[in-house]
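A.B. asks: Input: one structure, supplied below.
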Amino acid sequence: KEPREKSQQRSSPFASCIVSFRPFVFSLSTDKMASGVGVADEVVTKFQELKLGHQHQYIVLKLSDDMKEIVLEKTGAPGASYDEFKALLPQGDCRYGIFDLEFTADDGGKRNKIVFILWAPDSAKIKAKMLYTSSKADLKKKLVGIATEVQATDAAEIDHAAVLDKAK
């Protein structure tokens, strides 16, 4: 009996079940996040100034006009009030806010905690809410030292008492 050509050979009943695996390739570049949004270098610099040098009381961040990068919108001088910070969060758009919260602990000692706020009000556009939310985790990875996170959709969730309660 002559050997059959490869094309005529009988195939295994499992031949159709073979799965092809491709190696998973990923980049360790930190320029862009999973959402495709990058973080401006100035954002990380200002955060370090807030955390280490206490040069700012708060930082407000936003997406650039082309929605490709998280940029600095405003910083607050040391000693600026929480109400001043809260007033900068617009009712119709999303923002990231970072506040250096000082409070008195239950034992009477003074404490500082850096609070990260994702402000995504219900009245904001859906695309903006999706981009801000999907970029949050990667942004926080770049801003090492955040103690408390608040994700807020209305003013009651970022009330000073509510944030203080969460930070304690």
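In the structure tokens, chains take letters A, B, ... by order of appearance, with residues numbered from 1 within each chain and ligands from 1 in the order shown.
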Using only C-alpha atoms, I'd like a table of the residues in segment 38-58 of chain A that come within 12 Å of segment 106-117 of chain A; for each, show the closest atom pair and its distance in Å rounded to one decimal, ordered by chain and ascending number, as a tab-separated table.
C.D. replies:
residue	atom	partner	partner_atom	distance
A:Phe47	CA	A:Ile114	CA	10.0
A:Gln48	CA	A:Ile114	CA	11.4
A:Leu50	CA	A:Ile114	CA	8.9
A:Lys51	CA	A:Ile114	CA	7.6
A:Leu52	CA	A:Ile114	CA	11.1
A:His54	CA	A:Asn112	CA	10.6
A:His56	CA	A:Ile114	CA	11.4
A:Gln57	CA	A:Ile114	CA	9.6
A:Tyr58	CA	A:Ile114	CA	9.1
A.B. asks: Generate the output file for the selected residues, all heavy atoms, as a CSV table (one decimal), in the first residue's frame.
C.D. replies:
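Writing done, so here's selection26.csv:
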chain,number,residue,atom,x,y,z
A,47,PHE,N,1.4,67.2,42.2
A,47,PHE,CA,1.0,66.3,43.2
A,47,PHE,C,2.2,66.1,44.2
A,47,PHE,O,2.0,66.0,45.4
A,47,PHE,CB,0.6,64.9,42.6
A,47,PHE,CG,0.3,63.9,43.7
A,47,PHE,CD1,-0.9,64.0,44.4
A,47,PHE,CD2,1.1,62.9,44.0
A,47,PHE,CE1,-1.3,63.1,45.4
A,47,PHE,CE2,0.8,62.0,45.0
A,47,PHE,CZ,-0.4,62.1,45.7
A,48,GLN,N,3.4,65.9,43.7
A,48,GLN,CA,4.6,65.7,44.6
A,48,GLN,C,4.8,67.0,45.4
A,48,GLN,O,5.1,66.9,46.6
A,48,GLN,CB,5.8,65.4,43.7
A,48,GLN,CG,5.8,64.1,43.0
A,48,GLN,CD,5.7,62.9,44.0
A,48,GLN,OE1,6.2,63.0,45.1
A,48,GLN,NE2,5.0,61.9,43.6
A,50,LEU,N,2.4,68.9,46.5
A,50,LEU,CA,1.3,68.9,47.5
A,50,LEU,C,1.7,67.9,48.6
A,50,LEU,O,1.6,68.2,49.8
A,50,LEU,CB,0.0,68.5,46.8
A,50,LEU,CG,-1.2,68.4,47.8
A,50,LEU,CD1,-2.4,68.9,47.1
A,50,LEU,CD2,-1.4,66.9,48.1
A,51,LYS,N,2.1,66.7,48.2
A,51,LYS,CA,2.4,65.6,49.1
A,51,LYS,C,3.6,65.9,49.9
A,51,LYS,O,3.6,65.7,51.2
A,51,LYS,CB,2.5,64.3,48.3
A,51,LYS,CG,2.8,63.1,49.2
A,51,LYS,CD,2.8,61.8,48.4
A,51,LYS,CE,4.2,61.5,48.0
A,51,LYS,NZ,4.4,60.2,47.4
A,52,LEU,N,4.7,66.2,49.3
A,52,LEU,CA,6.0,66.3,50.0
A,52,LEU,C,6.3,67.7,50.6
A,52,LEU,O,6.8,67.8,51.7
A,52,LEU,CB,7.1,65.8,49.1
A,52,LEU,CG,7.0,64.4,48.6
A,52,LEU,CD1,8.1,64.1,47.6
A,52,LEU,CD2,7.0,63.4,49.7
A,54,HIS,N,4.0,70.3,50.7
A,54,HIS,CA,2.8,71.0,51.2
A,54,HIS,C,2.7,72.4,50.6
A,54,HIS,O,2.4,73.4,51.3
A,54,HIS,CB,2.7,71.1,52.7
A,54,HIS,CG,2.7,69.7,53.3
A,54,HIS,ND1,1.6,68.9,53.3
A,54,HIS,CD2,3.7,69.0,54.0
A,54,HIS,CE1,1.9,67.7,53.9
A,54,HIS,NE2,3.1,67.7,54.3
A,56,HIS,N,0.8,73.2,48.1
A,56,HIS,CA,-0.6,73.4,47.6
A,56,HIS,C,-1.6,72.7,48.6
A,56,HIS,O,-1.3,71.6,49.2
A,56,HIS,CB,-0.8,72.8,46.2
A,56,HIS,CG,0.2,73.1,45.3
A,56,HIS,ND1,0.4,74.4,44.7
A,56,HIS,CD2,1.2,72.4,44.7
A,56,HIS,CE1,1.4,74.4,43.9
A,56,HIS,NE2,1.9,73.2,43.9
A,57,GLN,N,-2.7,73.3,48.8
A,57,GLN,CA,-3.8,72.6,49.6
A,57,GLN,C,-4.6,71.7,48.8
A,57,GLN,O,-5.0,70.6,49.3
A,57,GLN,CB,-4.7,73.7,50.2
A,57,GLN,CG,-5.6,73.2,51.3
A,57,GLN,CD,-4.9,72.7,52.5
A,57,GLN,OE1,-4.0,73.4,53.0
A,57,GLN,NE2,-5.2,71.6,53.1
A,58,TYR,N,-4.8,72.0,47.5
A,58,TYR,CA,-5.5,71.2,46.6
A,58,TYR,C,-5.1,71.3,45.2
A,58,TYR,O,-4.4,72.3,44.8
A,58,TYR,CB,-7.0,71.5,46.7
A,58,TYR,CG,-7.4,72.9,46.3
A,58,TYR,CD1,-7.6,73.2,44.9
A,58,TYR,CD2,-7.7,73.9,47.2
A,58,TYR,CE1,-7.9,74.5,44.5
A,58,TYR,CE2,-8.0,75.1,46.8
A,58,TYR,CZ,-8.2,75.4,45.5
A,58,TYR,OH,-8.5,76.7,45.1
A.B. asks: So, counting only C-alpha atoms, which residue among A:Ala152, A:Ile98, A:Ile158, A:Leu88 is closest to Trp119 of chain A?
C.D. replies: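 When distances to Trp119 of chain A are compared using only C-alpha atoms, the smallest one comes from A:Ala152.
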A.B. asks: Residues at most 10 Å from Gly36 of chain A, counting only C-alpha atoms, excluding those fewer than 5 positions away in the same chain, as number ranges by chain?
C.D. replies: A: 31, 67-69, 131, 134-135
A.B. asks: What does the file look like for those residues with all heavy atoms, as a PDB file, in the first residue's frame?
C.D. replies:
ATOM      1  N   ASP A  31       3.024  56.301  29.110  1.00  0.00           N
ATOM      2  CA  ASP A  31       2.573  57.533  28.482  1.00  0.00           C
ATOM      3  C   ASP A  31       1.058  57.613  28.370  1.00  0.00           C
ATOM      4  O   ASP A  31       0.475  58.658  28.541  1.00  0.00           O
ATOM      5  CB  ASP A  31       3.176  57.695  27.088  1.00  0.00           C
ATOM      6  CG  ASP A  31       4.676  57.899  27.148  1.00  0.00           C
ATOM      7  OD1 ASP A  31       5.176  58.284  28.223  1.00  0.00           O
ATOM      8  OD2 ASP A  31       5.337  57.653  26.125  1.00  0.00           O
ATOM      9  N   MET A  67      -9.493  65.765  24.853  1.00  0.00           N
ATOM     10  CA  MET A  67      -9.753  64.561  25.661  1.00  0.00           C
ATOM     11  C   MET A  67      -8.672  63.494  25.504  1.00  0.00           C
ATOM     12  O   MET A  67      -8.941  62.302  25.585  1.00  0.00           O
ATOM     13  CB  MET A  67     -11.132  63.984  25.367  1.00  0.00           C
ATOM     14  CG  MET A  67     -12.255  64.917  25.701  1.00  0.00           C
ATOM     15  SD  MET A  67     -13.767  64.026  25.879  1.00  0.00           S
ATOM     16  CE  MET A  67     -14.551  64.930  27.172  1.00  0.00           C
ATOM     17  N   LYS A  68      -7.427  63.922  25.312  1.00  0.00           N
ATOM     18  CA  LYS A  68      -6.310  62.996  25.133  1.00  0.00           C
ATOM     19  C   LYS A  68      -5.358  62.969  26.323  1.00  0.00           C
ATOM     20  O   LYS A  68      -4.506  62.103  26.410  1.00  0.00           O
ATOM     21  CB  LYS A  68      -5.509  63.371  23.871  1.00  0.00           C
ATOM     22  CG  LYS A  68      -6.298  63.328  22.605  1.00  0.00           C
ATOM     23  CD  LYS A  68      -6.306  61.957  22.027  1.00  0.00           C
ATOM     24  CE  LYS A  68      -6.988  61.975  20.677  1.00  0.00           C
ATOM     25  NZ  LYS A  68      -7.610  60.745  20.346  1.00  0.00           N
ATOM     26  N   GLU A  69      -5.492  63.971  27.233  1.00  0.00           N
ATOM     27  CA  GLU A  69      -4.530  64.068  28.321  1.00  0.00           C
ATOM     28  C   GLU A  69      -5.187  64.684  29.559  1.00  0.00           C
ATOM     29  O   GLU A  69      -6.035  65.556  29.452  1.00  0.00           O
ATOM     30  CB  GLU A  69      -3.360  64.944  27.864  1.00  0.00           C
ATOM     31  CG  GLU A  69      -2.210  64.985  28.813  1.00  0.00           C
ATOM     32  CD  GLU A  69      -1.021  65.745  28.227  1.00  0.00           C
ATOM     33  OE1 GLU A  69      -1.214  66.807  27.606  1.00  0.00           O
ATOM     34  OE2 GLU A  69       0.100  65.267  28.417  1.00  0.00           O
ATOM     35  N   LEU A 131     -14.741  58.374  30.231  1.00  0.00           N
ATOM     36  CA  LEU A 131     -13.302  58.620  30.145  1.00  0.00           C
ATOM     37  C   LEU A 131     -12.687  58.889  31.517  1.00  0.00           C
ATOM     38  O   LEU A 131     -11.623  58.362  31.839  1.00  0.00           O
ATOM     39  CB  LEU A 131     -13.004  59.782  29.203  1.00  0.00           C
ATOM     40  CG  LEU A 131     -12.964  59.441  27.723  1.00  0.00           C
ATOM     41  CD1 LEU A 131     -12.843  60.698  26.883  1.00  0.00           C
ATOM     42  CD2 LEU A 131     -11.816  58.507  27.421  1.00  0.00           C
ATOM     43  N   SER A 134     -12.731  55.520  33.490  1.00  0.00           N
ATOM     44  CA  SER A 134     -11.798  54.507  32.985  1.00  0.00           C
ATOM     45  C   SER A 134     -10.335  54.925  33.138  1.00  0.00           C
ATOM     46  O   SER A 134      -9.451  54.078  33.141  1.00  0.00           O
ATOM     47  CB  SER A 134     -12.107  54.171  31.525  1.00  0.00           C
ATOM     48  OG  SER A 134     -11.920  55.305  30.703  1.00  0.00           O
ATOM     49  N   SER A 135     -10.071  56.199  33.312  1.00  0.00           N
ATOM     50  CA  SER A 135      -8.700  56.685  33.479  1.00  0.00           C
ATOM     51  C   SER A 135      -8.287  56.804  34.947  1.00  0.00           C
ATOM     52  O   SER A 135      -7.111  56.980  35.251  1.00  0.00           O
ATOM     53  CB  SER A 135      -8.549  58.058  32.825  1.00  0.00           C
ATOM     54  OG  SER A 135      -8.877  57.998  31.465  1.00  0.00           O
TER      55      SER A 135
END
A.B. asks: Of the candidates A:Ala161, A:Ala124, A:Ala87, A:Leu101, which one gets nearest to Thr148 of chain A if we count only C-alpha atoms?
C.D. replies: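 Closest candidate: A:Leu101.
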A.B. asks: Could you name the residues that touch Ala40 of chain A at 8 Å or less, counting only C-alpha atoms, but leaving out those on the same chain fewer than 4 positions away, as a ChimeraX atom specification?
C.D. replies: /A:44,69-72
A.B. asks: For a test of reading the model, state the distance in Å between atom CA of Glu73 of chain A and atom CA of Lys125 of chain A, rounded to one decimal.
C.D. replies: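 Between these atoms lies a distance of 18.9 Å.
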A.B. asks: Could you check how far atom CA of Ala167 of chain A sits from atom CA of Ser64 of chain A, in Å to one decimal?
C.D. replies: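 Atom CA of Ser64 of chain A lies at a distance of 29.3 Å from atom CA of Ala167 of chain A.
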A.B. asks: Which one is closest to Leu139 of chain A: A:Gly53, A:Gly97, A:Pro90, A:Pro121? Count only C-alpha atoms.
C.D. replies: A:Gly97
